[in-house]
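Participant: For reference, this is final04.cif, and it has mmCIF, C-alpha atoms.
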```cif
data_protein
loop_
_atom_site.group_PDB
_atom_site.id
_atom_site.type_symbol
_atom_site.label_atom_id
_atom_site.label_comp_id
_atom_site.auth_asym_id
_atom_site.auth_seq_id
_atom_site.Cartn_x
_atom_site.Cartn_y
_atom_site.Cartn_z
ATOM 1 C CA LEU A 18 26.680 1.561 -19.647
ATOM 2 C CA ASP A 19 25.981 3.608 -22.778
ATOM 3 C CA ALA A 20 24.621 0.445 -24.414
ATOM 4 C CA GLY A 21 22.106 0.064 -21.597
ATOM 5 C CA GLU A 22 23.799 -2.910 -19.965
ATOM 6 C CA ALA A 23 23.720 -3.305 -16.202
ATOM 7 C CA LEU A 24 27.010 -3.059 -14.367
ATOM 8 C CA HIS A 25 27.295 -3.889 -10.691
ATOM 9 C CA TRP A 26 29.983 -2.466 -8.423
ATOM 10 C CA PRO A 27 32.567 -3.535 -7.447
ATOM 11 C CA CYS A 28 34.482 -4.301 -10.629
ATOM 12 C CA PRO A 29 37.932 -5.421 -9.477
ATOM 13 C CA ALA A 30 40.843 -4.490 -11.725
ATOM 14 C CA ARG A 31 42.209 -7.208 -13.993
ATOM 15 C CA PRO A 32 45.647 -7.451 -15.581
ATOM 16 C CA PRO A 33 46.099 -5.787 -19.004
ATOM 17 C CA GLY A 34 44.850 -7.955 -21.831
ATOM 18 C CA GLU A 35 42.229 -9.737 -19.721
ATOM 19 C CA GLU A 36 38.556 -9.112 -20.257
ATOM 20 C CA ALA A 37 37.035 -6.462 -17.969
ATOM 21 C CA HIS A 38 35.447 -7.739 -14.775
ATOM 22 C CA PRO A 39 31.672 -8.197 -15.301
ATOM 23 C CA GLY A 40 30.793 -6.655 -11.958
ATOM 24 C CA SER A 41 29.508 -8.198 -8.742
ATOM 25 C CA PRO A 42 25.699 -8.242 -8.528
ATOM 26 C CA ARG A 43 25.852 -10.190 -5.240
ATOM 27 C CA LEU A 44 28.600 -9.600 -2.750
ATOM 28 C CA PHE A 45 29.813 -12.167 -0.236
ATOM 29 C CA THR A 46 28.417 -15.306 -1.893
ATOM 30 C CA GLU A 47 31.736 -17.122 -1.324
ATOM 31 C CA ARG A 48 33.339 -15.232 1.564
ATOM 32 C CA PHE A 49 33.145 -12.025 3.586
ATOM 33 C CA ALA A 50 35.641 -9.163 3.528
ATOM 34 C CA HIS A 51 37.730 -10.456 6.448
ATOM 35 C CA ALA A 52 41.054 -12.281 6.331
ATOM 36 C CA ASP A 53 39.397 -15.573 7.294
ATOM 37 C CA GLY A 54 36.431 -14.967 4.944
ATOM 38 C CA ARG A 55 33.907 -15.352 7.760
ATOM 39 C CA ALA A 56 31.177 -12.900 8.694
ATOM 40 C CA ARG A 57 31.200 -10.997 11.982
ATOM 41 C CA LEU A 58 27.764 -11.106 13.615
ATOM 42 C CA VAL A 59 26.946 -9.506 16.933
ATOM 43 C CA ALA A 60 23.779 -10.358 18.851
ATOM 44 C CA VAL A 61 21.914 -7.397 20.302
ATOM 45 C CA ASP A 62 18.864 -7.143 22.485
ATOM 46 C CA HIS A 63 15.919 -5.116 21.217
ATOM 47 C CA THR A 64 15.643 -1.671 22.760
ATOM 48 C CA ASP A 65 12.566 0.496 22.305
ATOM 49 C CA ALA A 66 12.906 3.949 20.834
ATOM 50 C CA ALA A 67 13.849 6.606 23.364
ATOM 51 C CA GLU A 68 10.409 8.181 22.912
ATOM 52 C CA LEU A 69 7.248 6.095 22.628
ATOM 53 C CA PRO A 70 3.724 7.243 21.720
ATOM 54 C CA ASP A 71 1.506 8.323 24.617
ATOM 55 C CA ALA A 72 -1.817 10.096 25.170
ATOM 56 C CA GLU A 73 -0.474 13.517 24.078
ATOM 57 C CA TYR A 74 1.573 12.221 21.116
ATOM 58 C CA PRO A 75 -0.215 9.003 20.104
ATOM 59 C CA LEU A 76 1.486 8.309 16.775
ATOM 60 C CA ARG A 77 4.889 6.982 15.847
ATOM 61 C CA ALA A 78 6.533 9.096 13.126
ATOM 62 C CA THR A 79 9.217 7.638 10.955
ATOM 63 C CA THR A 80 11.276 9.554 8.415
ATOM 64 C CA GLY A 81 12.861 8.481 5.181
ATOM 65 C CA ARG A 82 13.557 9.284 1.580
ATOM 66 C CA VAL A 83 11.709 9.769 -1.669
ATOM 67 C CA LEU A 84 13.459 8.455 -4.751
ATOM 68 C CA VAL A 85 13.899 11.713 -6.672
ATOM 69 C CA HIS A 86 15.514 13.459 -3.701
ATOM 70 C CA TYR A 87 17.387 10.351 -2.591
ATOM 71 C CA GLN A 88 20.084 11.850 -0.376
ATOM 72 C CA SER A 89 19.248 15.180 1.223
ATOM 73 C CA GLY A 90 17.558 16.935 -1.667
ATOM 74 C CA ALA A 91 20.191 19.712 -1.469
ATOM 75 C CA GLN A 92 20.933 19.239 -5.169
ATOM 76 C CA THR A 93 17.851 17.488 -6.515
ATOM 77 C CA ARG A 94 15.402 20.078 -5.237
ATOM 78 C CA ARG A 95 17.212 22.534 -7.542
ATOM 79 C CA VAL A 96 16.422 20.466 -10.641
ATOM 80 C CA ARG A 97 13.071 21.667 -11.980
ATOM 81 C CA GLU A 98 11.999 18.253 -13.299
ATOM 82 C CA LEU A 99 12.793 16.464 -10.024
ATOM 83 C CA ALA A 100 11.326 19.212 -7.867
ATOM 84 C CA GLY A 101 8.186 18.948 -9.993
ATOM 85 C CA ILE A 102 7.854 15.256 -9.126
ATOM 86 C CA ALA A 103 8.153 15.868 -5.363
ATOM 87 C CA PRO A 104 7.786 19.624 -4.773
ATOM 88 C CA GLU A 105 6.624 19.627 -1.154
ATOM 89 C CA SER A 106 6.621 17.600 1.995
ATOM 90 C CA PHE A 107 3.883 15.100 2.704
ATOM 91 C CA VAL A 108 2.806 12.931 5.577
ATOM 92 C CA GLU A 109 1.575 9.442 4.813
ATOM 93 C CA VAL A 110 -1.263 8.501 7.149
ATOM 94 C CA HIS A 111 -3.719 5.631 7.396
ATOM 95 C CA PRO A 112 -7.166 6.963 6.279
ATOM 96 C CA GLU A 113 -8.748 6.207 9.678
ATOM 97 C CA THR A 114 -5.937 8.061 11.465
ATOM 98 C CA ALA A 115 -6.418 11.054 9.178
ATOM 99 C CA ALA A 116 -10.181 11.017 9.770
ATOM 100 C CA ARG A 117 -9.699 10.939 13.566
ATOM 101 C CA ALA A 118 -7.553 14.069 13.216
ATOM 102 C CA GLY A 119 -10.203 15.721 11.027
ATOM 103 C CA LEU A 120 -7.975 15.528 7.947
ATOM 104 C CA ALA A 121 -8.583 14.358 4.398
ATOM 105 C CA ASP A 122 -6.261 13.324 1.600
ATOM 106 C CA GLY A 123 -4.576 16.365 0.036
ATOM 107 C CA GLU A 124 -5.112 18.741 2.972
ATOM 108 C CA TRP A 125 -2.280 20.388 4.869
ATOM 109 C CA ALA A 126 -1.539 19.041 8.350
ATOM 110 C CA ARG A 127 0.680 20.036 11.228
ATOM 111 C CA VAL A 128 2.736 17.154 12.536
ATOM 112 C CA VAL A 129 3.658 18.044 16.116
ATOM 113 C CA SER A 130 6.263 16.506 18.427
ATOM 114 C CA ARG A 131 7.730 17.573 21.769
ATOM 115 C CA ARG A 132 10.440 19.469 19.872
ATOM 116 C CA GLY A 133 8.476 21.299 17.208
ATOM 117 C CA ALA A 134 6.049 21.112 14.317
ATOM 118 C CA ALA A 135 6.243 20.656 10.560
ATOM 119 C CA THR A 136 3.606 21.146 7.897
ATOM 120 C CA ALA A 137 2.987 18.505 5.270
ATOM 121 C CA ARG A 138 0.313 17.555 2.761
ATOM 122 C CA VAL A 139 -1.736 14.519 3.841
ATOM 123 C CA ARG A 140 -1.474 11.359 1.759
ATOM 124 C CA CYS A 141 -3.897 8.693 2.883
ATOM 125 C CA VAL A 142 -2.268 5.277 2.544
ATOM 126 C CA PRO A 143 -4.508 2.350 3.537
ATOM 127 C CA THR A 144 -1.556 -0.054 3.820
ATOM 128 C CA LEU A 145 0.150 2.068 6.477
ATOM 129 C CA ARG A 146 -0.241 1.095 10.123
ATOM 130 C CA PRO A 147 -2.882 3.242 11.872
ATOM 131 C CA ASP A 148 -0.410 4.117 14.657
ATOM 132 C CA THR A 149 2.369 5.284 12.313
ATOM 133 C CA VAL A 150 2.975 8.249 10.004
ATOM 134 C CA PHE A 151 5.795 8.722 7.489
ATOM 135 C CA LEU A 152 7.484 11.982 6.454
ATOM 136 C CA PRO A 153 10.360 12.481 4.009
ATOM 137 C CA PHE A 154 13.286 14.468 5.379
ATOM 138 C CA HIS A 155 14.249 16.307 2.163
ATOM 139 C CA PHE A 156 12.363 19.527 2.749
ATOM 140 C CA GLY A 157 13.392 22.629 4.667
ATOM 141 C CA ALA A 158 11.898 25.544 6.549
ATOM 142 C CA GLY A 159 8.498 24.734 8.080
ATOM 143 C CA GLN A 160 8.288 21.415 6.200
ATOM 144 C CA ALA A 161 11.463 19.967 7.762
ATOM 145 C CA ALA A 162 10.901 16.566 9.352
ATOM 146 C CA ASN A 163 13.971 17.154 11.507
ATOM 147 C CA LEU A 164 12.022 19.809 13.412
ATOM 148 C CA LEU A 165 10.238 16.812 14.952
ATOM 149 C CA THR A 166 12.914 14.176 15.419
ATOM 150 C CA ASN A 167 14.487 13.077 18.656
ATOM 151 C CA PRO A 168 18.226 13.726 19.145
ATOM 152 C CA ALA A 169 18.557 10.822 21.613
ATOM 153 C CA LEU A 170 21.735 8.811 20.951
ATOM 154 C CA ASP A 171 22.164 5.072 20.571
ATOM 155 C CA PRO A 172 24.183 3.991 23.614
ATOM 156 C CA ILE A 173 26.653 1.950 21.541
ATOM 157 C CA SER A 174 26.979 3.586 18.122
ATOM 158 C CA ARG A 175 26.223 7.132 19.400
ATOM 159 C CA MET A 176 24.108 7.668 16.256
ATOM 160 C CA PRO A 177 21.182 10.082 16.724
ATOM 161 C CA GLU A 178 17.728 8.539 16.727
ATOM 162 C CA PHE A 179 16.492 10.649 13.807
ATOM 163 C CA LYS A 180 14.220 7.963 12.386
ATOM 164 C CA VAL A 181 11.453 7.727 14.989
ATOM 165 C CA CYS A 182 9.602 9.927 17.444
ATOM 166 C CA ALA A 183 6.144 10.368 18.960
ATOM 167 C CA VAL A 184 3.844 12.876 17.235
ATOM 168 C CA ARG A 185 0.252 13.998 16.845
ATOM 169 C CA LEU A 186 -1.593 15.308 13.787
ATOM 170 C CA GLU A 187 -3.474 18.591 13.706
ATOM 171 C CA ARG A 188 -5.240 20.585 11.024
ATOM 172 C CA GLU A 189 -3.055 23.322 9.581
ATOM 173 C CA SER A 190 -4.806 26.638 10.179
#
```
What is this file in structure tokens?

Facilitator:
Amino acid sequence: LDAGEALHWPCPARPPGEEAHPGSPRLFTERFAHADGRARLVAVDHTDAAELPDAEYPLRATTGRVLVHYQSGAQTRRVRELAGIAPESFVEVHPETAARAGLADGEWARVVSRRGAATARVRCVPTLRPDTVFLPFHFGAGQAANLLTNPALDPISRMPEFKVCAVRLERES
């Protein structure tokens, strides 16, 4: 690694005297991690999100990560250089969607859901769907995307539906 070479996990142990394992850039090319080597696939029917856009909350919000704060940001937002790259929350919005809300690139917006509101700086992204906005979840206090998200649970996995909810955009006053 110090020499700048790529190393892919996993690197299975080898007996003493043998050359180190080169790493595994692609897993499961020969077999899967089951005794019979076969994959386990389960068919599922599509289910809509628990909350869909409507007249009051016409946009679908999705949350995710930014590279420099990859996990939660609990550590990376304490590193001056990384915090300088992504110091505040933002909401990515199609330019037409922003214009309909009376917002322009770089302005502060309120993103409002049935559960709460978060403030974020508008980033107009022409490749984004006009019915969708994106917010990173790394920021706290009034910029926390999780103030918006829906705690509905998946009926099988029981995982919370933190990734999507219905919202509207407003000018931050």

Participant: Please tell me which residues are no farther than 12 Å from (19.0, 19.8, -2.7) in the file, counting all atoms listed in the file, and write them as an NGL selection string.

Facilitator: :A and (85-97 or 99-100 or 103-104 or 154-157)

Participant: Work out how far apart CA of Thr64 in chain A and CA of Arg77 in chain A are and give it in Å to one decimal.

Facilitator: 15.4 Å

Participant: Can you tell me how far CA of Ala20 in chain A sits from CA of Glu47 in chain A, in Å to one decimal?

Facilitator: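 CA of Glu47 in chain A lies at a distance of 29.9 Å from CA of Ala20 in chain A.
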
Participant: Dump as a tab-separated table the rows for residues of range 113-132 of chain A within 10 Å of range 163-169 of chain A: closest atom pair and distance in Å with one decimal, only C-alpha atoms counted, ordered by chain and rising residue number.

Facilitator:
```
residue	atom	partner	partner_atom	distance
A:Val128	CA	A:Leu165	CA	7.9
A:Val129	CA	A:Leu165	CA	6.8
A:Ser130	CA	A:Leu165	CA	5.3
A:Arg131	CA	A:Leu165	CA	7.3
A:Arg132	CA	A:Leu165	CA	5.6
```

Participant: Find the residues around Ala66 in chain A up to 9 Å (all atoms listed in the file counted), leave out those fewer than 5 positions away in its own chain, and share them as a PyMOL selection string.

Facilitator: chain A and resi 169+178+181-182

Participant: Carefully work through the PyMOL selection byres ((chain A and resi 108) around 6) for this structure and note down the residues it includes, as a PyMOL selection string.

Facilitator: chain A and resi 107+109+137-140+151-152

Participant: Evaluate the PyMOL selection byres ((chain A and resi 114) around 12) here and jot the selected residues down as a ChimeraX atom specification.

Facilitator: /A:75-77,108-113,115-122,139-150,185-187

Participant: Between A:Ser190, A:Gln160, A:Thr80, A:Ser174, which has the minimum distance to Glu124 in chain A (counting only C-alpha atoms)?

Facilitator: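 Using only C-alpha atoms, the shortest distance to Glu124 in chain A belongs to A:Ser190.
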
Participant: Expand the PyMOL selection byres ((chain A and resi 126) around 6) into the explicit residue set it covers here, and present it as a PyMOL selection string.

Facilitator: chain A and resi 125+127+136-137+187-189

Participant: Find the residue from A:His63, A:Arg31, A:Lys180, A:His25 that sits nearest to Leu44 in chain A; use all atoms listed in the file when measuring.

Facilitator: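 Closest to Leu44 in chain A, using all atoms listed in the file: A:His25.
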
Participant: Could you check how far CA of Ala134 in chain A sits from CA of Val83 in chain A, in Å to one decimal?

Facilitator: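 These two atoms are separated by 20.4 Å.
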
Participant: Counting all atoms listed in the file, figure out which residue out of A:Thr46, A:Ser106, A:Ser41, A:Thr79 gets nearest to Trp26 in chain A.

Facilitator: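 For Trp26 in chain A, the nearest of the given residues is A:Ser41.
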
Participant: Which residue is closest to Arg43 in chain A? Choose from A:Val184, A:Ala162, A:Cys28, A:Ala67 and count all atoms listed in the file.

Facilitator: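 Looking only at the distances to Arg43 in chain A, the closest residue turns out to be A:Cys28.
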
Participant: Write out as AutoDock Vina command-line options an axis-aligned box for range 30-40 of chain A: all of its atoms listed in the file, 3 Å added on each side, centre and edge lengths in Å with one decimal.

Facilitator:
```
--center_x 38.4 --center_y -7.1 --center_z -16.8 --size_x 21.3 --size_y 11.2 --size_z 16.1
```
